[in-house]
Amino acid sequence: MQFTSFSSDLKNQFGTAKSKARILIVFTVIITLTFSIYVLKLFSMQIIEGSQYKKQSHTISQRVRVIPAQRGEIFDRNATLPMVVNNDSFAVDITPGEIPDAKKDGVYARLASYLGIPKAQIDLKTAGHKKNSYTAIEVASNVPFQIISNIAENSFDLPGISWRSKPIRNYVETGSLSHIVGYVGDITKDELKVLYNKGYTNTSIIGKTGIEKQYDELLQGKPGSESHTVDVKGRLVSETPVIKPPISGRDLILTVDTKTQTLVEKALGERVGAAVVLKPASGEILAMVSYPYFDPNLFYSGSSSAYGALAADPRKPLINRAINAVYPPASTFKTVMTAAILAESAVPPEKKIECKGKMDYGDRTFRCHIGVPGHGHMNLKNALAQSCNIYFWTAGRDYLGVERIASYAKEFGLGQGLSIDLPGSETGFVPNARWKERRYHEKWLGGDTMSMSIGQGYTLVTPLHIANVMAMFVNEGTIYKPHLLKEVRDPISSEVVQSVKREVLFKSNIPETVWPVMKEYLRYMVTDGSAQGVLMKNKAVAIAGKTGTAEVSGIDKSWHSWFVGYGPYDAPPEDTVVVCVLVEAVNPWEWWAPYASTIIFQGIFANQTYDEALDALRFRYLIKPSGRQE
């Protein structure tokens, strides 16, 4: 039995060995055949068809040059004359691989002399590129035709130098529109990292601020291309390019009315501050002025110091004060306080609070702006009209409290985003007790509530925030999203491809009965209040509104001057405009905000220029008031 088992095992092993040998032979044959096929194919490619493949290797590469799209133009609401257009200009490129190494320094020096720039500037532009690169490098833009003509006439001595059309932005309407429209510039490396996947290239011109930045993708259009067949060394093989034409960017129609913008600009004058005119029924901005402003064409002047000079200016002309700067709202905040008092029935409207010109609280003496002996006994309507601090200090501290005040401030959109279609708008700030404890590790005191009640203390707003507050009164409980874009149009056919519809930004829960009372109070402030001597000179339109004077620490005997109002007082919202003016404390004190607002209302509703409005109001030889008024 053991022998039989051994014999059987031996046969099985022998059979397995024969099977493995057959597999090895088959595998060897397969490898040999495969290798032979590869050898024959390589022989065919290198020897028999080598010349053909060598020829093809010289014609398989493409050199592609981007053709920039014409940037869209920007118009005011009337869409007649553009505020921003494109001017013909040229850019000069260097292709290092087309310049012999021995001649590079000489070519760069000659080109620099034609362009009127240091040779070091060209060296810097080309430093990060290979010496034998056939990629064109832009070394100058905004080059006038005369210089291009000189380069062309001497092109024999300038190998590797080429030029191309590169339109530049021309800001026809400058002045205060600079903060709205913004400006463009060369894309930076950091910007390209973010925008590369959206079709931007290292030669793209992009919006840096304002509408130019906000709607850059609409304005950009789609670049085209010019493709040339080149050999492996980048040399042209065919002179006939394949061209894909660019698609021009969209034209933008803004809500801004240039006539109103000019009126507001002149009414504010050379005073550091801001002014806004808007349509409360839609949120359309008719005018937005911030002084000082700048000329965006400076960025195309070729001077690298233009931006540096503006950035170093202590008046900060690059800031749009209408939306990018915050201020204490001062007595304009008393409109929010009055609405809160009425909505909460915190103080009966006819209840009188005595103003003696000052009041002691804790270790401080709080003084009303009128001084001793004060306003006397004031009800809510007269307290708002005369802007009595004592009344609102008492109402805020004893009847409303910080949390309810903060809640109503938020309801009017204060301390919240403006959602305007411009980059970088401020949200402002509305404090409460918890914030102060976390921020300063101090309890909220009654004195804090008193300061907050008259728009001082920690509360901060932009002029557009205050314009929105007045818009809510006009619309009786609604603030529409403020916006500057009205329409988007096709640049060829002028067909409207997009219209901006009004959009609710904030909706109030204040009872409907409050709004008519507030409108009555705001009109009374103009007819019988502290600013009637200025505002009632306007016979063109019935105005309602509120003044404000904000104390500023660090500036002796000076205040920010506010006015916000609307007109016509008795018109439906769609026929009404809101005007808000803020004049900073750095200016000589002259209580100018009410005067500027009166001029603006006069110009808009009497269809007058600034000069005509001055004459109609008899403000031309105005002796400006001195001393603080509320």
# chains A, B, ... in the order shown; residues from 1 in each chain; ligands from 1

call {"tool": "residues_around", "arguments": {"residues": "stretch 605-618 of chain A", "least_positions_apart": "3", "cutoff": "7 Å", "atoms": "only C-alpha atoms", "output": "VMD selection string"}}
result
chain A and resid 263 266 to 267 537 to 538 540 to 541 599 601 to 602

call {"tool": "select_by_dssp", "arguments": {"residues": "stretch 286-531 of chain A", "states": "alpha helix (DSSP H)", "output": "MDAnalysis selection string"}}
result
chainID A and resid 305:312 334:344 380:386 389:394 402:411 433:440 446:453 463:475 514:528

call {"tool": "atom_distance", "arguments": {"atom1": "atom CA of A:Gln498", "atom2": "atom CA of A:Ser248"}}
result
16.2 Å

call {"tool": "atom_distance", "arguments": {"atom1": "atom CA of A:Ser290", "atom2": "atom CA of A:Leu254"}}
result
17.5 Å

call {"tool": "residues_around", "arguments": {"residues": "A:Asn132", "least_positions_apart": "6", "cutoff": "8 Å", "atoms": "only C-alpha atoms", "output": "ChimeraX atom specification"}}
result
/A:96-98

call {"tool": "write_last_selection", "arguments": {"atoms": "N, CA and C atoms", "output": "CSV table (one decimal), in the first residue's frame"}}
result
chain,number,residue,atom,x,y,z
A,96,PRO,N,11.8,87.2,-25.2
A,96,PRO,CA,13.2,87.0,-25.0
A,96,PRO,C,13.9,86.1,-25.9
A,97,GLY,N,13.2,85.0,-26.3
A,97,GLY,CA,13.8,84.0,-27.2
A,97,GLY,C,14.1,84.5,-28.6
A,98,GLU,N,13.5,85.6,-29.0
A,98,GLU,CA,13.8,86.2,-30.3
A,98,GLU,C,14.9,87.2,-30.3

call {"tool": "select_by_dssp", "arguments": {"residues": "stretch 36-247 of chain A", "states": "strand (DSSP E)", "output": "count of residues only"}}
result
52

call {"tool": "atom_distance", "arguments": {"atom1": "atom CA of A:Cys355", "atom2": "atom CA of A:Thr449"}}
result
18.0 Å

call {"tool": "closest_residue", "arguments": {"among": "A:Phe473, A:Trp393, A:Tyr108, A:Tyr215", "to": "A:Val336", "atoms": "only C-alpha atoms"}}
result
A:Phe473

call {"tool": "residues_around", "arguments": {"residues": "A:Asn86", "least_positions_apart": "6", "cutoff": "8 Å", "atoms": "only C-alpha atoms", "output": "list of chain:residue names"}}
result
A:Gln70, A:Arg71, A:Glu73, A:Pro167, A:Ile168, A:Arg169, A:Asn170

call {"tool": "closest_residue", "arguments": {"among": "A:Lys208, A:Lys244, A:Lys222, A:Arg77", "to": "A:Leu484", "atoms": "only C-alpha atoms"}}
result
A:Arg77
